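Peer 1: Just dropping this structure here.
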Amino acid sequence: MKNKFYITTPIYYPSAEAHIGHAYCTTMCDILARYKRMRGVETYFLTGTDEHGEKIQKKAAEAGVTPQQYVDDIAAKFKNLWKAMKISNDDFIRTTEERHTKVVQNIFSKLYKNEDIYLGKYEGWYCTPCESFWTDTQVGEDHLCPDCGRPVHKDTEECYFFKTQKYLPSLLKYYDENPKFITPVARKNEMLNTFIKPGLDDLSISRTTFDWGIPVKENNRHVMYVWLDALCNYITALGYDTEHHELFDKFWGEDSEIVHVVGADITRFHTIYWPMFLQGLGLRLPDRVFVHGLLDLNGEKMSKSRGNVVSPIPLIERYGVDTVRWFLAKEFSFGSDGRFSPELFAERINVDLANNFGNLVNRTTAMINKYFGGKVPALSNPGEKEKFIEDLTGKTVRKYEALMDDLQPTEAFDEVINLLNSTNKYIEESQPWVLSKENRVEELGNVMAVLVNSIITCTKLLSPALVETQDKVFAMFGLSKEQQQYDYVNKFCVYEGNVVSKGEPLFPRLDVKIETDFINSISH
Ligand code: MSP
């Protein structure tokens with residue numbers, strides 16, 4: 001395992017307000033960043049906004065404000081949302097900031113001097129919303145954008161091109177030598193079959209038809225193509241090519257694991273062109289580009305015009321941030337497409353958090369207060385059932401860590417849920433109420449010690465998603481600073497004498513019908 005970790009979200013277009021789909025990607029990155037920090041890995045987590053391009057310029061004109069005013073307003077809303085969702089990003093880059101624009105201009109010059117770029121003429125099919133040119137084959141007979149499905153139009157433009165063929169052989173070699181560079185692996189095959197095998201054209205990287213972009217220093221009629229501008233954020237935010245390059249040296253160095261998390265819609269830019277730009281600059285390539293699926297709402301693509309956008313803010317206000325984060329992390333596997341619906345949301349919270357985890361905590365605190373005056377008893381002479389849970393706990397921790405390190409948080413949480421299920425089953429099998437009646441104090445104490453151990457271990461393992469719950473559980477079980485350390489997950493039943501208080505129920509059960517009505521009322 002490398003000892004540094006650099007994780008990035010895509011930088012979002014501030015063309016409309018953020019919805020639950022954007023929150024999904026950022027939350028998953030946050031979970032991975034928090035996990036790495038918990039394991040003691042030096043971590044840097046970046047997000048931000050992608051503020052240039054024709055689309056933004058048009059939106060601003062429609063709203064009757066300057067593009068800068070337009071993006072200032074929406075970027076501030078993105079920042080507020082991440083605060084409300086307890087996102088632990090270390091920086092927030094905006095591509096209109098000077099620290100970005102200046103360096104991108106120098107990057108263009110470097111690539112130009114390196115003869116990776118030349119001036120030419122482009123003719124092709126253009127999709128305005130995606131800001132992408134496409135070939136005849138790609139748009140097909142219906143002339144539709146292969147990315148978003150909307151109609152494209154014929155356009156011609158003088159522009160600078162990036163020589164993709166120059167770097168294609170070394171890119172393919174990198175794919176071969178790094179089988180986890182693009183995951184899930186189906187996404188790599190999609191790149192090869194859809195874009196690379198049919199023949200990769202040179203990429204047009206400047207525009208002359210609008211001016212809301214970073215000017216090309218060499219030729220002031222041109223602004224940079226928004227994707228060249230945007231992709232560079234991953235290094236400009238670290239101070240690449242400036243006096244303050246400490247973060248760049250640290251997190252873009254060989255001993256740093258670099259992970260870009262992106263939606264399936266933008267895989268091509270991150271796995272084909274971005275590595276080529278980096279090669280042109282003589283820089284190392286990222287370790288992983290993890291492609292996550294897209295979320296729909298009740299089976300329909302979320303969009304403002306359809307009026308089916310769900311903002312996370314009212315959800316957080318009603319249910320708390322941990323429940324929203326939990327739904328996103330757990331409802332569908334990271335990498336697969338997923339669905340948000342009010343019923344799925346309420347049921348997910350009830351099954352995992354109210355009935356399983358929350359209920360275990362409530363029962364345990366009540367029993368320790370009733371049977372042991374609120375003090376955690378010691379484990380002594382454990383029997384088969386206790387040994388089974390001890391063994392399962394060790395296995396769970398090992399599997400969890402391996403899955404998290406492999407960027408599979410949903411499956412890692414499945415393991416923890418499994419341990420919680422087994423612990424609840426262990427209560428039923430041990431029947432503490434019978435042990436109490438028959439005055440079998442040692443056995444009863446063992447049950448309590450094991451329950452406390454499972455709760456604390458699972459709380460820690462779930463803490464990258466359940467960020468507020470951890471503090472509540474630690475307080476309820478009177479954990480010392482030392483006991484709060486992550487490494488305690490490798491010890492078993494070491495909480496003897498801790499004082500347990502009865503807190504409020506952690507996750508009240510939701511009434512699916514009432515909550516469905518509420519969530520439908522906030523979709524817009
Ligand atoms: N600005 C570019 C990215 C540049 S990165 C150098 C862009 N922005 S975007 O706002 O349109 O989308 C960015 C990302 O938001 C997507 O790749 C995806 O990760 C996330 N999502 C946007 N809508 C989503 C869903 N409906 N579901 C899941 N993720 C979604 O493309």
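Every chain in the structure tokens has a letter given in the order shown (A, B, ...), and although residue numbers restart at 1 in each chain, ligands are simply numbered from 1 in the order shown.
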Can you pull out the residues contacting stretch 62-71 of chain A? Cut-off 12 Å, using only C-alpha atoms, and skip same-chain residues under 6 positions away; I want them as a list in words.
Peer 2: Tyr12, Tyr13, Pro14, Ser15, Ala16, Glu17, Gly48, Thr49, Asp50, Glu51, His52, Gly53, Glu54, Lys55, Ile56, Lys77, Phe78, Arg94, Thr95, Thr96, Glu97, Asp211, Trp212 and Gly213 of chain A
Peer 1: Got time to write the residues from that selection, N, CA and C atoms, as a compact mmCIF listing (two decimals), in the first residue's frame?
Peer 2:
```txt
# COMPACT_ATOMS: atom_id res chain seq x y z
N TYR A 12 -17.44 19.89 -11.07
CA TYR A 12 -18.82 19.95 -11.59
C TYR A 12 -19.05 21.24 -12.37
N TYR A 13 -19.92 21.14 -13.39
CA TYR A 13 -20.33 22.35 -14.11
C TYR A 13 -21.28 23.14 -13.24
N PRO A 14 -20.97 24.38 -12.98
CA PRO A 14 -21.95 25.18 -12.21
C PRO A 14 -22.98 25.78 -13.16
N SER A 15 -23.60 24.91 -13.96
CA SER A 15 -24.60 25.40 -14.92
C SER A 15 -25.99 25.30 -14.33
N ALA A 16 -26.13 24.46 -13.34
CA ALA A 16 -27.39 24.38 -12.60
C ALA A 16 -27.03 23.90 -11.20
N GLU A 17 -28.00 23.99 -10.30
CA GLU A 17 -27.67 23.62 -8.92
C GLU A 17 -27.42 22.13 -8.75
N GLY A 48 -14.30 20.54 -6.86
CA GLY A 48 -14.33 21.92 -7.36
C GLY A 48 -15.36 22.11 -8.45
N THR A 49 -15.23 23.22 -9.17
CA THR A 49 -16.19 23.53 -10.25
C THR A 49 -15.46 23.88 -11.54
N ASP A 50 -16.08 23.50 -12.64
CA ASP A 50 -15.54 23.61 -14.00
C ASP A 50 -16.33 24.74 -14.67
N GLU A 51 -15.74 25.93 -14.71
CA GLU A 51 -16.57 27.14 -14.87
C GLU A 51 -16.55 27.77 -16.25
N HIS A 52 -15.75 27.25 -17.17
CA HIS A 52 -15.70 27.87 -18.49
C HIS A 52 -16.59 27.13 -19.49
N GLY A 53 -16.61 27.67 -20.73
CA GLY A 53 -17.29 26.97 -21.81
C GLY A 53 -18.53 27.68 -22.32
N GLU A 54 -18.93 27.24 -23.50
CA GLU A 54 -20.03 27.88 -24.20
C GLU A 54 -21.36 27.74 -23.44
N LYS A 55 -21.53 26.55 -22.83
CA LYS A 55 -22.80 26.29 -22.15
C LYS A 55 -23.01 27.30 -21.01
N ILE A 56 -21.96 27.53 -20.23
CA ILE A 56 -22.05 28.46 -19.11
C ILE A 56 -22.31 29.87 -19.64
N LYS A 77 -23.04 27.70 -3.92
CA LYS A 77 -24.06 26.72 -3.52
C LYS A 77 -23.46 25.32 -3.43
N PHE A 78 -22.58 24.99 -4.36
CA PHE A 78 -21.89 23.69 -4.28
C PHE A 78 -21.11 23.61 -2.96
N ARG A 94 -11.61 26.21 -8.38
CA ARG A 94 -12.52 26.79 -9.38
C ARG A 94 -11.65 27.16 -10.58
N THR A 95 -12.11 26.78 -11.76
CA THR A 95 -11.22 26.96 -12.92
C THR A 95 -11.12 28.41 -13.38
N THR A 96 -11.90 29.32 -12.76
CA THR A 96 -11.71 30.73 -13.09
C THR A 96 -10.69 31.39 -12.16
N GLU A 97 -10.15 30.63 -11.22
CA GLU A 97 -9.14 31.21 -10.33
C GLU A 97 -7.81 31.35 -11.06
N ASP A 211 -16.00 33.29 -26.18
CA ASP A 211 -14.78 33.75 -25.51
C ASP A 211 -14.72 33.43 -24.01
N TRP A 212 -15.70 32.69 -23.51
CA TRP A 212 -15.67 32.37 -22.07
C TRP A 212 -14.79 31.14 -21.83
N GLY A 213 -13.50 31.40 -21.87
CA GLY A 213 -12.54 30.31 -21.67
C GLY A 213 -11.18 30.92 -21.39
```
Peer 1: When DSSP is applied to the backbone of this structure, which of stretch 126-372 of chain A are assigned helix (DSSP H, G or I)? Write them out as a PyMOL selection string.
Peer 2: chain A and resi 136-139+164-177+185-196+226-231+233-236+246-251+264-280+312-319+321-330+342-372
Peer 1: Which is closest to A:Tyr35 among A:Ile20, A:Cys159, A:Val104, A:Met404, if we use only C-alpha atoms?
Peer 2: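 That would be A:Met404, the residue with the smallest distance to A:Tyr35.
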Peer 1: Tell me, which residues of stretch 148-180 of chain A carry DSSP strand (DSSP E or B), written as a short mmCIF file (atom, residue, chain, number, x, y, z; two decimals) with all heavy atoms, in the first residue's frame?
Peer 2:
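For reference, selection07.cif as written:
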```
data_model
loop_
_atom_site.label_atom_id
_atom_site.label_comp_id
_atom_site.auth_asym_id
_atom_site.auth_seq_id
_atom_site.Cartn_x
_atom_site.Cartn_y
_atom_site.Cartn_z
N PRO A 151 -29.61 16.15 -30.44
CA PRO A 151 -29.18 16.39 -31.83
C PRO A 151 -27.89 17.20 -31.90
O PRO A 151 -27.65 18.06 -31.05
CB PRO A 151 -30.34 17.21 -32.43
CG PRO A 151 -31.43 17.18 -31.44
CD PRO A 151 -30.89 16.77 -30.13
N HIS A 153 -25.02 19.40 -34.61
CA HIS A 153 -25.07 20.15 -35.88
C HIS A 153 -23.68 20.19 -36.50
O HIS A 153 -22.66 20.12 -35.80
CB HIS A 153 -25.64 21.55 -35.69
CG HIS A 153 -24.80 22.41 -34.77
ND1 HIS A 153 -24.95 22.40 -33.41
CD2 HIS A 153 -23.80 23.27 -35.04
CE1 HIS A 153 -24.07 23.23 -32.87
NE2 HIS A 153 -23.36 23.77 -33.84
N LYS A 154 -23.62 20.37 -37.83
CA LYS A 154 -22.35 20.45 -38.58
C LYS A 154 -21.67 21.78 -38.25
O LYS A 154 -22.32 22.81 -38.18
CB LYS A 154 -22.63 20.39 -40.09
CG LYS A 154 -22.34 19.04 -40.72
CD LYS A 154 -21.00 19.01 -41.45
CE LYS A 154 -20.34 17.67 -41.49
NZ LYS A 154 -20.82 16.69 -42.38
N ASP A 155 -20.39 21.72 -38.01
CA ASP A 155 -19.67 22.93 -37.68
C ASP A 155 -18.26 22.86 -38.21
O ASP A 155 -17.70 21.76 -38.34
CB ASP A 155 -19.63 23.08 -36.15
CG ASP A 155 -19.97 24.49 -35.73
OD1 ASP A 155 -19.69 25.40 -36.51
OD2 ASP A 155 -20.55 24.66 -34.63
N THR A 156 -17.68 24.00 -38.50
CA THR A 156 -16.26 24.00 -38.90
C THR A 156 -15.57 25.14 -38.17
O THR A 156 -16.16 26.18 -37.92
CB THR A 156 -16.09 24.11 -40.44
OG1 THR A 156 -14.73 24.45 -40.68
CG2 THR A 156 -16.97 25.15 -41.05
N GLU A 157 -14.32 24.91 -37.83
CA GLU A 157 -13.65 25.84 -36.94
C GLU A 157 -12.14 25.70 -37.11
O GLU A 157 -11.64 24.58 -37.21
CB GLU A 157 -14.03 25.43 -35.51
CG GLU A 157 -13.99 26.50 -34.50
CD GLU A 157 -14.46 26.01 -33.12
OE1 GLU A 157 -15.21 25.01 -33.04
OE2 GLU A 157 -14.07 26.63 -32.13
N GLU A 158 -11.42 26.84 -37.13
CA GLU A 158 -9.95 26.76 -37.07
C GLU A 158 -9.62 26.44 -35.62
O GLU A 158 -10.17 27.07 -34.71
CB GLU A 158 -9.34 28.11 -37.43
CG GLU A 158 -7.83 28.13 -37.27
CD GLU A 158 -7.24 29.54 -37.31
OE1 GLU A 158 -7.19 30.21 -36.27
OE2 GLU A 158 -6.81 29.94 -38.41
N CYS A 159 -8.79 25.47 -35.41
CA CYS A 159 -8.45 25.20 -34.02
C CYS A 159 -7.13 24.47 -33.88
O CYS A 159 -6.58 23.96 -34.86
CB CYS A 159 -9.58 24.44 -33.32
SG CYS A 159 -9.93 22.87 -34.04
N TYR A 160 -6.66 24.48 -32.65
CA TYR A 160 -5.45 23.72 -32.34
C TYR A 160 -5.85 22.28 -32.05
O TYR A 160 -6.91 22.02 -31.50
CB TYR A 160 -4.75 24.32 -31.11
CG TYR A 160 -4.07 25.62 -31.42
CD1 TYR A 160 -4.74 26.85 -31.22
CD2 TYR A 160 -2.77 25.65 -31.92
CE1 TYR A 160 -4.11 28.05 -31.52
CE2 TYR A 160 -2.15 26.85 -32.22
CZ TYR A 160 -2.82 28.04 -32.02
OH TYR A 160 -2.21 29.22 -32.32
N PHE A 161 -4.95 21.39 -32.46
CA PHE A 161 -5.20 19.97 -32.24
C PHE A 161 -4.11 19.36 -31.38
O PHE A 161 -2.94 19.75 -31.48
CB PHE A 161 -5.21 19.22 -33.58
CG PHE A 161 -6.47 19.45 -34.37
CD1 PHE A 161 -6.54 20.50 -35.28
CD2 PHE A 161 -7.57 18.62 -34.20
CE1 PHE A 161 -7.70 20.71 -36.01
CE2 PHE A 161 -8.73 18.84 -34.92
CZ PHE A 161 -8.80 19.89 -35.84
N PHE A 162 -4.48 18.38 -30.63
CA PHE A 162 -3.51 17.59 -29.86
C PHE A 162 -3.29 16.27 -30.60
O PHE A 162 -4.26 15.61 -30.99
CB PHE A 162 -4.06 17.33 -28.45
CG PHE A 162 -3.10 16.55 -27.59
CD1 PHE A 162 -2.12 17.21 -26.86
CD2 PHE A 162 -3.17 15.16 -27.52
CE1 PHE A 162 -1.22 16.50 -26.08
CE2 PHE A 162 -2.27 14.44 -26.74
CZ PHE A 162 -1.30 15.12 -26.01
#
```
Peer 1: Any idea what's packed within 12 Å of A:Gly239, counting only C-alpha atoms, ignoring anything in its chain fewer than 3 positions away? Could you give it as a list in words?
Peer 2: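 Here the answer would be Asp91, Ile93, Glu98, Arg99, His100, Thr101, Lys102, Val103, Val104, Cys232, Asn233, Tyr234, Ile235, Thr236, Thr242, Glu243, His244, His245, Glu246, Leu247, Phe248, Asp249, Lys250, Phe251 and Trp252 of chain A.
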Peer 1: Just checking: using only C-alpha atoms and all ligand atoms, which residue out of A:Leu281, A:Ala186, A:Leu295, A:Val226 ends up closest to ligand 1?
Peer 2: A:Leu295
Peer 1: Skip A:Cys130 itself and residues of its chain fewer than 5 positions away, then list as an NGL selection string all residues within 9 Å of it, counting only C-alpha atoms.
Peer 2: :A and (55 or 145 or 147-148)
Peer 1: Could you please extract the residues within 9 Å of ligand 1, counting only C-alpha atoms and all ligand atoms, and hand them back as an mmCIF file with N, CA and C atoms, in the first residue's frame?
Peer 2:
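What ended up in out.cif:
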```
data_model
loop_
_atom_site.group_PDB
_atom_site.id
_atom_site.type_symbol
_atom_site.label_atom_id
_atom_site.label_comp_id
_atom_site.auth_asym_id
_atom_site.auth_seq_id
_atom_site.Cartn_x
_atom_site.Cartn_y
_atom_site.Cartn_z
ATOM 1 N N THR A 9 -12.825 14.234 -7.160
ATOM 2 C CA THR A 9 -14.113 14.101 -7.847
ATOM 3 C C THR A 9 -13.944 14.810 -9.193
ATOM 4 N N PRO A 10 -14.876 14.587 -10.128
ATOM 5 C CA PRO A 10 -14.867 15.470 -11.293
ATOM 6 C C PRO A 10 -15.136 16.887 -10.779
ATOM 7 N N ILE A 11 -14.695 17.885 -11.514
ATOM 8 C CA ILE A 11 -15.124 19.233 -11.109
ATOM 9 C C ILE A 11 -16.442 19.489 -11.832
ATOM 10 N N TYR A 12 -17.438 19.889 -11.074
ATOM 11 C CA TYR A 12 -18.816 19.954 -11.593
ATOM 12 C C TYR A 12 -19.050 21.243 -12.366
ATOM 13 N N TYR A 13 -19.921 21.142 -13.389
ATOM 14 C CA TYR A 13 -20.326 22.346 -14.114
ATOM 15 C C TYR A 13 -21.278 23.135 -13.236
ATOM 16 N N PRO A 14 -20.970 24.384 -12.976
ATOM 17 C CA PRO A 14 -21.953 25.176 -12.210
ATOM 18 C C PRO A 14 -22.984 25.776 -13.164
ATOM 19 N N SER A 15 -23.600 24.910 -13.962
ATOM 20 C CA SER A 15 -24.595 25.403 -14.920
ATOM 21 C C SER A 15 -25.992 25.295 -14.325
ATOM 22 N N ALA A 16 -26.132 24.455 -13.341
ATOM 23 C CA ALA A 16 -27.394 24.376 -12.598
ATOM 24 C C ALA A 16 -27.028 23.895 -11.198
ATOM 25 N N ALA A 18 -26.655 21.816 -7.733
ATOM 26 C CA ALA A 18 -26.281 20.422 -7.498
ATOM 27 C C ALA A 18 -27.492 19.592 -7.077
ATOM 28 N N HIS A 19 -27.520 18.348 -7.501
ATOM 29 C CA HIS A 19 -28.593 17.454 -7.069
ATOM 30 C C HIS A 19 -27.987 16.193 -6.450
ATOM 31 N N ILE A 20 -28.845 15.241 -6.161
ATOM 32 C CA ILE A 20 -28.408 14.048 -5.425
ATOM 33 C C ILE A 20 -27.375 13.225 -6.218
ATOM 34 N N GLY A 21 -27.392 13.351 -7.564
ATOM 35 C CA GLY A 21 -26.402 12.655 -8.398
ATOM 36 C C GLY A 21 -24.987 13.191 -8.165
ATOM 37 N N HIS A 22 -24.844 14.508 -8.106
ATOM 38 C CA HIS A 22 -23.527 15.082 -7.802
ATOM 39 C C HIS A 22 -23.108 14.688 -6.386
ATOM 40 N N ALA A 23 -24.099 14.728 -5.487
ATOM 41 C CA ALA A 23 -23.803 14.402 -4.089
ATOM 42 C C ALA A 23 -23.323 12.954 -3.970
ATOM 43 N N TYR A 24 -23.838 12.109 -4.844
ATOM 44 C CA TYR A 24 -23.436 10.701 -4.813
ATOM 45 C C TYR A 24 -21.933 10.565 -5.025
ATOM 46 N N CYS A 25 -21.448 11.140 -6.106
ATOM 47 C CA CYS A 25 -20.024 10.991 -6.444
ATOM 48 C C CYS A 25 -19.143 11.576 -5.336
ATOM 49 N N THR A 26 -19.518 12.766 -4.865
ATOM 50 C CA THR A 26 -18.683 13.420 -3.839
ATOM 51 C C THR A 26 -18.707 12.626 -2.535
ATOM 52 N N GLY A 48 -14.299 20.544 -6.860
ATOM 53 C CA GLY A 48 -14.333 21.919 -7.358
ATOM 54 C C GLY A 48 -15.357 22.110 -8.452
ATOM 55 N N THR A 49 -15.226 23.224 -9.173
ATOM 56 C CA THR A 49 -16.187 23.531 -10.245
ATOM 57 C C THR A 49 -15.457 23.882 -11.540
ATOM 58 N N ASP A 50 -16.079 23.500 -12.639
ATOM 59 C CA ASP A 50 -15.544 23.609 -13.999
ATOM 60 C C ASP A 50 -16.330 24.739 -14.666
ATOM 61 N N GLU A 51 -15.743 25.933 -14.708
ATOM 62 C CA GLU A 51 -16.566 27.137 -14.866
ATOM 63 C C GLU A 51 -16.554 27.773 -16.248
ATOM 64 N N CYS A 130 -22.668 19.108 -24.706
ATOM 65 C CA CYS A 130 -21.495 18.324 -24.282
ATOM 66 C C CYS A 130 -20.188 18.995 -24.693
ATOM 67 N N VAL A 226 -12.745 23.458 -23.176
ATOM 68 C CA VAL A 226 -13.034 23.360 -21.748
ATOM 69 C C VAL A 226 -12.489 22.070 -21.113
ATOM 70 N N TRP A 227 -12.374 21.009 -21.897
ATOM 71 C CA TRP A 227 -11.878 19.766 -21.294
ATOM 72 C C TRP A 227 -10.386 19.794 -21.001
ATOM 73 N N LEU A 228 -9.597 20.460 -21.865
ATOM 74 C CA LEU A 228 -8.164 20.586 -21.564
ATOM 75 C C LEU A 228 -8.009 21.420 -20.289
ATOM 76 N N ASP A 229 -8.713 22.528 -20.267
ATOM 77 C CA ASP A 229 -8.739 23.419 -19.105
ATOM 78 C C ASP A 229 -9.127 22.627 -17.849
ATOM 79 N N ALA A 230 -10.245 21.909 -17.933
ATOM 80 C CA ALA A 230 -10.812 21.268 -16.738
ATOM 81 C C ALA A 230 -9.929 20.139 -16.201
ATOM 82 N N LEU A 231 -9.438 19.286 -17.080
ATOM 83 C CA LEU A 231 -8.669 18.127 -16.605
ATOM 84 C C LEU A 231 -7.415 18.569 -15.840
ATOM 85 N N CYS A 232 -6.871 19.714 -16.268
ATOM 86 C CA CYS A 232 -5.637 20.169 -15.614
ATOM 87 C C CYS A 232 -5.860 20.550 -14.152
ATOM 88 N N ASN A 233 -7.125 20.693 -13.733
ATOM 89 C CA ASN A 233 -7.377 21.081 -12.334
ATOM 90 C C ASN A 233 -6.712 20.120 -11.352
ATOM 91 N N TYR A 234 -6.589 18.854 -11.766
ATOM 92 C CA TYR A 234 -6.053 17.853 -10.832
ATOM 93 C C TYR A 234 -4.594 18.139 -10.461
ATOM 94 N N VAL A 261 -12.156 9.638 -9.411
ATOM 95 C CA VAL A 261 -13.476 9.008 -9.472
ATOM 96 C C VAL A 261 -14.318 9.845 -10.438
ATOM 97 N N VAL A 262 -14.932 9.175 -11.406
ATOM 98 C CA VAL A 262 -15.689 9.910 -12.428
ATOM 99 C C VAL A 262 -16.983 9.174 -12.748
ATOM 100 N N GLY A 263 -17.947 9.907 -13.279
ATOM 101 C CA GLY A 263 -19.181 9.271 -13.738
ATOM 102 C C GLY A 263 -18.948 8.630 -15.091
ATOM 103 N N ALA A 264 -19.814 7.661 -15.413
ATOM 104 C CA ALA A 264 -19.626 6.901 -16.651
ATOM 105 C C ALA A 264 -19.662 7.804 -17.887
ATOM 106 N N ASP A 265 -20.285 8.992 -17.762
ATOM 107 C CA ASP A 265 -20.411 9.884 -18.912
ATOM 108 C C ASP A 265 -19.094 10.542 -19.313
ATOM 109 N N ILE A 266 -18.113 10.546 -18.444
ATOM 110 C CA ILE A 266 -16.885 11.288 -18.764
ATOM 111 C C ILE A 266 -15.623 10.418 -18.694
ATOM 112 N N THR A 267 -15.832 9.124 -18.850
ATOM 113 C CA THR A 267 -14.712 8.179 -18.781
ATOM 114 C C THR A 267 -13.666 8.488 -19.853
ATOM 115 N N PHE A 269 -12.650 11.138 -21.370
ATOM 116 C CA PHE A 269 -11.710 12.235 -21.152
ATOM 117 C C PHE A 269 -10.636 11.857 -20.133
ATOM 118 N N HIS A 270 -11.044 11.079 -19.144
ATOM 119 C CA HIS A 270 -10.101 10.750 -18.063
ATOM 120 C C HIS A 270 -9.186 9.585 -18.382
ATOM 121 N N TRP A 274 -6.646 12.616 -20.865
ATOM 122 C CA TRP A 274 -5.891 13.097 -19.691
ATOM 123 C C TRP A 274 -4.541 12.373 -19.577
ATOM 124 N N VAL A 291 -14.785 4.341 -12.390
ATOM 125 C CA VAL A 291 -15.972 4.855 -13.080
ATOM 126 C C VAL A 291 -17.232 4.406 -12.331
ATOM 127 N N HIS A 292 -17.950 5.365 -11.780
ATOM 128 C CA HIS A 292 -19.170 4.982 -11.065
ATOM 129 C C HIS A 292 -20.378 5.117 -11.984
ATOM 130 N N GLY A 293 -21.472 4.479 -11.583
ATOM 131 C CA GLY A 293 -22.685 4.519 -12.396
ATOM 132 C C GLY A 293 -23.463 5.801 -12.152
ATOM 133 N N LEU A 294 -24.525 5.973 -12.917
ATOM 134 C CA LEU A 294 -25.340 7.176 -12.752
ATOM 135 C C LEU A 294 -26.640 6.827 -12.037
ATOM 136 N N LEU A 295 -27.111 7.788 -11.320
ATOM 137 C CA LEU A 295 -28.314 7.634 -10.506
ATOM 138 C C LEU A 295 -29.506 8.201 -11.255
ATOM 139 N N ASP A 296 -30.616 7.486 -11.242
ATOM 140 C CA ASP A 296 -31.821 8.121 -11.778
ATOM 141 C C ASP A 296 -32.843 8.263 -10.649
ATOM 142 N N LEU A 297 -33.932 8.942 -10.963
ATOM 143 C CA LEU A 297 -34.967 9.140 -9.956
ATOM 144 C C LEU A 297 -36.212 8.402 -10.421
ATOM 145 N N LYS A 301 -34.117 9.806 -15.917
ATOM 146 C CA LYS A 301 -32.932 10.645 -15.784
ATOM 147 C C LYS A 301 -33.318 11.935 -15.055
ATOM 148 N N MET A 302 -32.475 12.324 -14.089
ATOM 149 C CA MET A 302 -32.814 13.547 -13.350
ATOM 150 C C MET A 302 -32.513 14.772 -14.192
ATOM 151 N N SER A 303 -33.452 15.670 -14.315
ATOM 152 C CA SER A 303 -33.137 16.923 -14.977
ATOM 153 C C SER A 303 -34.137 17.972 -14.556
ATOM 154 N N ASP A 337 -25.047 1.341 -12.067
ATOM 155 C CA ASP A 337 -26.059 2.395 -12.080
ATOM 156 C C ASP A 337 -27.001 2.181 -10.908
ATOM 157 N N GLY A 338 -27.654 3.248 -10.487
ATOM 158 C CA GLY A 338 -28.532 3.105 -9.324
ATOM 159 C C GLY A 338 -29.766 3.950 -9.436
ATOM 160 N N ARG A 339 -30.651 3.718 -8.503
ATOM 161 C CA ARG A 339 -31.932 4.418 -8.523
ATOM 162 C C ARG A 339 -32.194 5.049 -7.173
#
```
Peer 1: Considering only C-alpha atoms, return as a count of residues only whatever protein or nucleic-acid residues lie within 12 Å of A:Lys387, sequence-local ones (same chain, fewer than 4 positions apart) excluded.
Peer 2: 15
Peer 1: Ranking A:Lys2, A:Arg39, A:Arg325, A:His524 by minimum distance to A:Ser256 and counting only C-alpha atoms, which one comes first?
Peer 2: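 Between A:Lys2, A:Arg39, A:Arg325, A:His524, the residue approaching A:Ser256 most closely is A:Lys2.
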Peer 1: How many Å lie between atom CA of A:Ser521 and atom CA of A:Trp326, rounded to one decimal?
Peer 2: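 A separation of 21.7 Å between them.
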Peer 1: Between atom CA of A:Thr271 and atom CA of A:Leu203, what is the distance, to one decimal in Å?
Peer 2: 13.9 Å
